[in-house]
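Printed here is my_file_2.cif (mmCIF, N, CA and C atoms):
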```
data_input
loop_
_atom_site.group_PDB
_atom_site.id
_atom_site.type_symbol
_atom_site.label_atom_id
_atom_site.label_comp_id
_atom_site.auth_asym_id
_atom_site.auth_seq_id
_atom_site.Cartn_x
_atom_site.Cartn_y
_atom_site.Cartn_z
ATOM 1 N N MET A 131 0.834 -1.175 0.000
ATOM 2 C CA MET A 131 0.000 0.000 0.000
ATOM 3 C C MET A 131 0.880 1.240 0.000
ATOM 4 N N LYS A 132 0.454 2.200 -0.792
ATOM 5 C CA LYS A 132 1.190 3.455 -0.773
ATOM 6 C C LYS A 132 0.278 4.600 -1.172
ATOM 7 N N ILE A 133 0.709 5.779 -0.825
ATOM 8 C CA ILE A 133 -0.003 7.006 -1.156
ATOM 9 C C ILE A 133 0.689 7.635 -2.362
ATOM 10 N N ILE A 134 -0.083 7.913 -3.390
ATOM 11 C CA ILE A 134 0.423 8.569 -4.592
ATOM 12 C C ILE A 134 0.163 10.067 -4.445
ATOM 13 N N VAL A 135 1.174 10.876 -4.701
ATOM 14 C CA VAL A 135 1.069 12.331 -4.576
ATOM 15 C C VAL A 135 0.959 12.929 -5.976
ATOM 16 N N ASN A 136 -0.112 13.684 -6.206
ATOM 17 C CA ASN A 136 -0.379 14.263 -7.523
ATOM 18 C C ASN A 136 -0.277 15.784 -7.530
ATOM 19 N N ILE A 137 0.585 16.326 -6.692
ATOM 20 C CA ILE A 137 0.730 17.787 -6.634
ATOM 21 C C ILE A 137 1.188 18.326 -7.987
ATOM 22 N N ASP A 138 2.110 17.637 -8.633
ATOM 23 C CA ASP A 138 2.622 18.114 -9.917
ATOM 24 C C ASP A 138 1.536 18.157 -10.981
ATOM 25 N N VAL A 139 0.579 17.225 -10.925
ATOM 26 C CA VAL A 139 -0.531 17.215 -11.875
ATOM 27 C C VAL A 139 -1.379 18.469 -11.693
ATOM 28 N N MET A 140 -1.712 18.778 -10.443
ATOM 29 C CA MET A 140 -2.519 19.971 -10.177
ATOM 30 C C MET A 140 -1.749 21.249 -10.499
ATOM 31 N N MET A 141 -0.445 21.248 -10.256
ATOM 32 C CA MET A 141 0.363 22.416 -10.601
ATOM 33 C C MET A 141 0.324 22.665 -12.109
ATOM 34 N N ALA A 142 0.410 21.590 -12.889
ATOM 35 C CA ALA A 142 0.369 21.728 -14.347
ATOM 36 C C ALA A 142 -1.006 22.238 -14.795
ATOM 37 N N LYS A 143 -2.074 21.721 -14.190
ATOM 38 C CA LYS A 143 -3.420 22.165 -14.543
ATOM 39 C C LYS A 143 -3.626 23.641 -14.228
ATOM 40 N N ARG A 144 -3.024 24.106 -13.138
ATOM 41 C CA ARG A 144 -3.184 25.499 -12.712
ATOM 42 C C ARG A 144 -2.084 26.405 -13.265
ATOM 43 N N LYS A 145 -1.133 25.813 -13.987
ATOM 44 C CA LYS A 145 -0.026 26.563 -14.603
ATOM 45 C C LYS A 145 0.725 27.410 -13.589
ATOM 46 N N ILE A 146 1.184 26.742 -12.527
ATOM 47 C CA ILE A 146 1.931 27.420 -11.469
ATOM 48 C C ILE A 146 3.264 26.696 -11.274
ATOM 49 N N SER A 147 4.318 27.451 -11.089
ATOM 50 C CA SER A 147 5.643 26.855 -10.901
ATOM 51 C C SER A 147 5.830 26.424 -9.446
ATOM 52 N N ALA A 148 6.783 25.550 -9.242
ATOM 53 C CA ALA A 148 7.076 25.059 -7.895
ATOM 54 C C ALA A 148 7.531 26.207 -6.995
ATOM 55 N N GLY A 149 8.359 27.069 -7.517
ATOM 56 C CA GLY A 149 8.846 28.199 -6.726
ATOM 57 C C GLY A 149 7.725 29.121 -6.300
ATOM 58 N N GLU A 150 6.821 29.415 -7.221
ATOM 59 C CA GLU A 150 5.697 30.292 -6.904
ATOM 60 C C GLU A 150 4.762 29.644 -5.889
ATOM 61 N N LEU A 151 4.464 28.351 -6.079
ATOM 62 C CA LEU A 151 3.580 27.652 -5.147
ATOM 63 C C LEU A 151 4.208 27.589 -3.759
ATOM 64 N N ALA A 152 5.479 27.246 -3.694
ATOM 65 C CA ALA A 152 6.168 27.167 -2.404
ATOM 66 C C ALA A 152 6.094 28.505 -1.676
ATOM 67 N N GLU A 153 6.319 29.594 -2.400
ATOM 68 C CA GLU A 153 6.260 30.924 -1.788
ATOM 69 C C GLU A 153 4.848 31.236 -1.287
ATOM 70 N N ARG A 154 3.844 30.906 -2.089
ATOM 71 C CA ARG A 154 2.453 31.200 -1.721
ATOM 72 C C ARG A 154 1.997 30.424 -0.485
ATOM 73 N N ILE A 155 2.487 29.191 -0.320
ATOM 74 C CA ILE A 155 2.020 28.392 0.824
ATOM 75 C C ILE A 155 2.977 28.447 2.009
ATOM 76 N N GLY A 156 4.109 29.112 1.835
ATOM 77 C CA GLY A 156 5.014 29.344 2.961
ATOM 78 C C GLY A 156 5.911 28.179 3.319
ATOM 79 N N ILE A 157 6.339 27.398 2.313
ATOM 80 C CA ILE A 157 7.338 26.361 2.560
ATOM 81 C C ILE A 157 8.488 26.553 1.583
ATOM 82 N N THR A 158 9.589 25.888 1.851
ATOM 83 C CA THR A 158 10.739 26.021 0.963
ATOM 84 C C THR A 158 10.509 25.208 -0.314
ATOM 85 N N PRO A 159 11.124 25.633 -1.415
ATOM 86 C CA PRO A 159 11.026 24.840 -2.642
ATOM 87 C C PRO A 159 11.538 23.410 -2.436
ATOM 88 N N ALA A 160 12.542 23.238 -1.581
ATOM 89 C CA ALA A 160 13.068 21.895 -1.311
ATOM 90 C C ALA A 160 12.015 21.017 -0.638
ATOM 91 N N ASN A 161 11.281 21.587 0.318
ATOM 92 C CA ASN A 161 10.234 20.809 0.989
ATOM 93 C C ASN A 161 9.076 20.511 0.052
ATOM 94 N N LEU A 162 8.742 21.443 -0.836
ATOM 95 C CA LEU A 162 7.701 21.174 -1.825
ATOM 96 C C LEU A 162 8.136 20.049 -2.751
ATOM 97 N N SER A 163 9.404 20.047 -3.123
ATOM 98 C CA SER A 163 9.934 18.988 -3.970
ATOM 99 C C SER A 163 9.827 17.621 -3.295
ATOM 100 N N ILE A 164 10.118 17.565 -2.008
ATOM 101 C CA ILE A 164 9.999 16.316 -1.245
ATOM 102 C C ILE A 164 8.546 15.832 -1.266
ATOM 103 N N LEU A 165 7.607 16.748 -1.098
ATOM 104 C CA LEU A 165 6.191 16.386 -1.152
ATOM 105 C C LEU A 165 5.812 15.896 -2.546
ATOM 106 N N LYS A 166 6.203 16.656 -3.574
ATOM 107 C CA LYS A 166 5.849 16.324 -4.955
ATOM 108 C C LYS A 166 6.371 14.962 -5.375
ATOM 109 N N ASN A 167 7.563 14.622 -4.922
ATOM 110 C CA ASN A 167 8.200 13.378 -5.348
ATOM 111 C C ASN A 167 7.797 12.178 -4.503
ATOM 112 N N GLY A 168 6.889 12.380 -3.567
ATOM 113 C CA GLY A 168 6.407 11.269 -2.758
ATOM 114 C C GLY A 168 7.416 10.769 -1.742
ATOM 115 N N LYS A 169 8.397 11.581 -1.406
ATOM 116 C CA LYS A 169 9.442 11.169 -0.463
ATOM 117 C C LYS A 169 9.121 11.558 0.979
ATOM 118 N N ALA A 170 8.070 12.347 1.163
ATOM 119 C CA ALA A 170 7.704 12.809 2.503
ATOM 120 C C ALA A 170 7.095 11.664 3.301
ATOM 121 N N LYS A 171 7.379 11.641 4.581
ATOM 122 C CA LYS A 171 6.802 10.649 5.496
ATOM 123 C C LYS A 171 5.465 11.126 6.042
ATOM 124 N N ALA A 172 5.243 12.437 6.010
ATOM 125 C CA ALA A 172 4.021 13.014 6.560
ATOM 126 C C ALA A 172 3.797 14.383 5.925
ATOM 127 N N ILE A 173 2.574 14.883 6.086
ATOM 128 C CA ILE A 173 2.258 16.236 5.653
ATOM 129 C C ILE A 173 1.361 16.856 6.721
ATOM 130 N N ARG A 174 1.639 18.080 7.079
ATOM 131 C CA ARG A 174 0.809 18.776 8.057
ATOM 132 C C ARG A 174 -0.508 19.167 7.407
ATOM 133 N N PHE A 175 -1.567 19.131 8.210
ATOM 134 C CA PHE A 175 -2.862 19.555 7.692
ATOM 135 C C PHE A 175 -2.815 21.006 7.236
ATOM 136 N N SER A 176 -2.050 21.839 7.928
ATOM 137 C CA SER A 176 -1.955 23.244 7.528
ATOM 138 C C SER A 176 -1.319 23.374 6.144
ATOM 139 N N THR A 177 -0.345 22.532 5.840
ATOM 140 C CA THR A 177 0.288 22.539 4.520
ATOM 141 C C THR A 177 -0.678 22.011 3.473
ATOM 142 N N LEU A 178 -1.397 20.941 3.804
ATOM 143 C CA LEU A 178 -2.384 20.377 2.887
ATOM 144 C C LEU A 178 -3.489 21.400 2.597
ATOM 145 N N MET A 179 -3.946 22.093 3.625
ATOM 146 C CA MET A 179 -4.975 23.125 3.425
ATOM 147 C C MET A 179 -4.461 24.255 2.535
ATOM 148 N N ALA A 180 -3.214 24.662 2.756
ATOM 149 C CA ALA A 180 -2.629 25.731 1.945
ATOM 150 C C ALA A 180 -2.499 25.295 0.487
ATOM 151 N N LEU A 181 -2.085 24.047 0.263
ATOM 152 C CA LEU A 181 -1.991 23.523 -1.103
ATOM 153 C C LEU A 181 -3.364 23.525 -1.774
ATOM 154 N N CYS A 182 -4.368 23.037 -1.060
ATOM 155 C CA CYS A 182 -5.722 22.996 -1.612
ATOM 156 C C CYS A 182 -6.246 24.395 -1.915
ATOM 157 N N ARG A 183 -5.970 25.330 -1.023
ATOM 158 C CA ARG A 183 -6.418 26.706 -1.226
ATOM 159 C C ARG A 183 -5.773 27.300 -2.482
ATOM 160 N N GLU A 184 -4.469 27.176 -2.604
ATOM 161 C CA GLU A 184 -3.751 27.786 -3.727
ATOM 162 C C GLU A 184 -4.018 27.085 -5.052
ATOM 163 N N LEU A 185 -4.201 25.761 -5.000
ATOM 164 C CA LEU A 185 -4.440 24.998 -6.235
ATOM 165 C C LEU A 185 -5.929 24.845 -6.536
ATOM 166 N N ARG A 186 -6.781 25.398 -5.636
ATOM 167 C CA ARG A 186 -8.231 25.339 -5.804
ATOM 168 C C ARG A 186 -8.676 23.897 -6.090
ATOM 169 N N CYS A 187 -8.405 23.030 -5.111
ATOM 170 C CA CYS A 187 -8.730 21.616 -5.269
ATOM 171 C C CYS A 187 -9.065 21.002 -3.913
ATOM 172 N N GLN A 188 -9.390 19.739 -3.932
ATOM 173 C CA GLN A 188 -9.688 18.967 -2.734
ATOM 174 C C GLN A 188 -8.477 18.102 -2.390
ATOM 175 N N PRO A 189 -8.336 17.673 -1.124
ATOM 176 C CA PRO A 189 -7.211 16.808 -0.752
ATOM 177 C C PRO A 189 -7.124 15.550 -1.626
ATOM 178 N N GLY A 190 -8.273 15.006 -2.015
ATOM 179 C CA GLY A 190 -8.293 13.816 -2.869
ATOM 180 C C GLY A 190 -7.747 14.060 -4.261
ATOM 181 N N ASP A 191 -7.673 15.326 -4.677
ATOM 182 C CA ASP A 191 -7.053 15.647 -5.965
ATOM 183 C C ASP A 191 -5.532 15.564 -5.874
ATOM 184 N N LEU A 192 -5.016 15.704 -4.659
ATOM 185 C CA LEU A 192 -3.565 15.718 -4.450
ATOM 186 C C LEU A 192 -3.010 14.376 -3.990
ATOM 187 N N LEU A 193 -3.837 13.592 -3.298
ATOM 188 C CA LEU A 193 -3.379 12.337 -2.708
ATOM 189 C C LEU A 193 -4.294 11.192 -3.132
ATOM 190 N N ALA A 194 -3.709 10.060 -3.447
ATOM 191 C CA ALA A 194 -4.483 8.874 -3.817
ATOM 192 C C ALA A 194 -3.857 7.649 -3.162
ATOM 193 N N PHE A 195 -4.696 6.696 -2.797
ATOM 194 C CA PHE A 195 -4.249 5.446 -2.193
ATOM 195 C C PHE A 195 -4.127 4.397 -3.289
ATOM 196 N N GLN A 196 -2.994 3.702 -3.293
ATOM 197 C CA GLN A 196 -2.798 2.623 -4.265
ATOM 198 C C GLN A 196 -2.486 1.342 -3.509
ATOM 199 N N ASP A 197 -3.337 0.357 -3.694
ATOM 200 C CA ASP A 197 -3.154 -0.938 -3.054
ATOM 201 C C ASP A 197 -2.073 -1.706 -3.810
ATOM 202 N N ASP A 198 -1.171 -2.330 -3.099
ATOM 203 C CA ASP A 198 -0.098 -3.110 -3.702
ATOM 204 C C ASP A 198 -0.372 -4.584 -3.431
ATOM 205 N N PRO A 199 -0.855 -5.345 -4.436
ATOM 206 C CA PRO A 199 -1.195 -6.752 -4.210
ATOM 207 C C PRO A 199 -0.026 -7.617 -3.744
ATOM 208 N N GLU A 200 1.183 -7.222 -4.097
ATOM 209 C CA GLU A 200 2.367 -8.004 -3.692
ATOM 210 C C GLU A 200 2.607 -7.923 -2.195
ATOM 211 N N GLU A 201 2.216 -6.817 -1.561
ATOM 212 C CA GLU A 201 2.412 -6.661 -0.118
ATOM 213 C C GLU A 201 1.523 -7.582 0.690
ATOM 214 N N GLU A 202 0.365 -7.945 0.143
ATOM 215 C CA GLU A 202 -0.596 -8.760 0.869
ATOM 216 C C GLU A 202 -0.163 -10.227 0.948
ATOM 217 N N SER A 203 0.715 -10.654 0.101
ATOM 218 C CA SER A 203 1.136 -12.067 0.078
ATOM 219 C C SER A 203 2.048 -12.409 1.210
#
```

Would you mind writing the structure in this file as structure tokens?
Amino acid sequence: MKIIVNIDVMMAKRKISAGELAERIGITPANLSILKNGKAKAIRFSTLMALCRELRCQPGDLLAFQDDPEEES
């Protein structure tokens, strides 16, 4: 099981750069990159809310659950 992060998809739809988004939500571009690449272990609700506000989307637009059948064996 894993969580798929689709921040880059929403950024492309909204035509916003990583640097601009990071500045608008108050995190560093490096931390946004960690989130975008799915390397983050956690995300604060305040950061998730800021992303949703700036990208005009719902949390489910940014995060998706993917079941891994190999893990169940």

Requested in this report: From the DSSP assignment of the backbone, select every residue of chain A that is strand (DSSP E or B), and format the answer as a list of chain:residue names.
Outcome: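 Listing strand (DSSP E or B) positions across chain A yields A:Lys132, A:Ile133, A:Ile134, A:Val135, A:Leu193, A:Ala194, A:Phe195, A:Gln196.
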
Could you dump the residues just selected with N, CA and C atoms as a PDB file, keeping the file's coordinate frame?
```
ATOM      1  N   LYS A 132       0.454   2.200  -0.792  1.00  0.00           N
ATOM      2  CA  LYS A 132       1.190   3.455  -0.773  1.00  0.00           C
ATOM      3  C   LYS A 132       0.278   4.600  -1.172  1.00  0.00           C
ATOM      4  N   ILE A 133       0.709   5.779  -0.825  1.00  0.00           N
ATOM      5  CA  ILE A 133      -0.003   7.006  -1.156  1.00  0.00           C
ATOM      6  C   ILE A 133       0.689   7.635  -2.362  1.00  0.00           C
ATOM      7  N   ILE A 134      -0.083   7.913  -3.390  1.00  0.00           N
ATOM      8  CA  ILE A 134       0.423   8.569  -4.592  1.00  0.00           C
ATOM      9  C   ILE A 134       0.163  10.067  -4.445  1.00  0.00           C
ATOM     10  N   VAL A 135       1.174  10.876  -4.701  1.00  0.00           N
ATOM     11  CA  VAL A 135       1.069  12.331  -4.576  1.00  0.00           C
ATOM     12  C   VAL A 135       0.959  12.929  -5.976  1.00  0.00           C
ATOM     13  N   LEU A 193      -3.837  13.592  -3.298  1.00  0.00           N
ATOM     14  CA  LEU A 193      -3.379  12.337  -2.708  1.00  0.00           C
ATOM     15  C   LEU A 193      -4.294  11.192  -3.132  1.00  0.00           C
ATOM     16  N   ALA A 194      -3.709  10.060  -3.447  1.00  0.00           N
ATOM     17  CA  ALA A 194      -4.483   8.874  -3.817  1.00  0.00           C
ATOM     18  C   ALA A 194      -3.857   7.649  -3.162  1.00  0.00           C
ATOM     19  N   PHE A 195      -4.696   6.696  -2.797  1.00  0.00           N
ATOM     20  CA  PHE A 195      -4.249   5.446  -2.193  1.00  0.00           C
ATOM     21  C   PHE A 195      -4.127   4.397  -3.289  1.00  0.00           C
ATOM     22  N   GLN A 196      -2.994   3.702  -3.293  1.00  0.00           N
ATOM     23  CA  GLN A 196      -2.798   2.623  -4.265  1.00  0.00           C
ATOM     24  C   GLN A 196      -2.486   1.342  -3.509  1.00  0.00           C
TER      25      GLN A 196
END
```

Query raised in the report: Skipping near chain neighbours, those fewer than 5 positions away, what residues fall within 10 Å of stretch 143-151 of chain A using only C-alpha atoms, listed as an MDAnalysis selection string?
Result: chainID A and resid 137:138 156:160 162:163 166 180:181 184:186

Exercise on stretch 143-157 of chain A, axis-aligned box with 5 Å per side, report centre and edge lengths in Å to one decimal, as JSON:
```
{"center_x": 2.6, "center_y": 26.5, "center_z": -5.6, "size_x": 22.5, "size_y": 19.5, "size_z": 27.9}
```

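The interatomic distance for the pair atom CA of A:Arg154 and atom CA of A:Gln196 works out to 29.2 Å.
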
**Report entry** Atom-to-atom span, atom CA of A:Arg183 and atom CA of A:Asn161, Å
**Finding:**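 Interatomic distance here is 17.8 Å.
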
Report summary line: Between A:Leu178, A:Ala194, A:Cys187, A:Ala170, smallest distance to A:Lys132 by only N, CA and C atoms belongs to A:Ala194

Query raised in the report: What gap, in Å, lies between atom CA of A:Glu153 and atom N of A:Gln188?
Result: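 Going from atom CA of A:Glu153 over to atom N of A:Gln188 covers 19.4 Å.
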
Query - Expected answer as a ChimeraX atom specification: alpha helix (DSSP H) residues in chain A - result: /A:137-144,148-155,159-166,175-185,189-192,199-202

Query - Selection: 8 Å around A:Gly168, all atoms listed in the file, excl. self and same-chain fewer than 4 positions, as a list of chain:residue names - result: A:Ile133, A:Ile134, A:Val135, A:Asn136, A:Leu162, A:Ser163, A:Ile164

Query - Distance criterion (only C-alpha atoms): nearest to A:Cys182 out of A:Phe195, A:Ile155, A:Ala142, A:Met131 - result: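 Smallest distance to A:Cys182 is found for A:Ile155.
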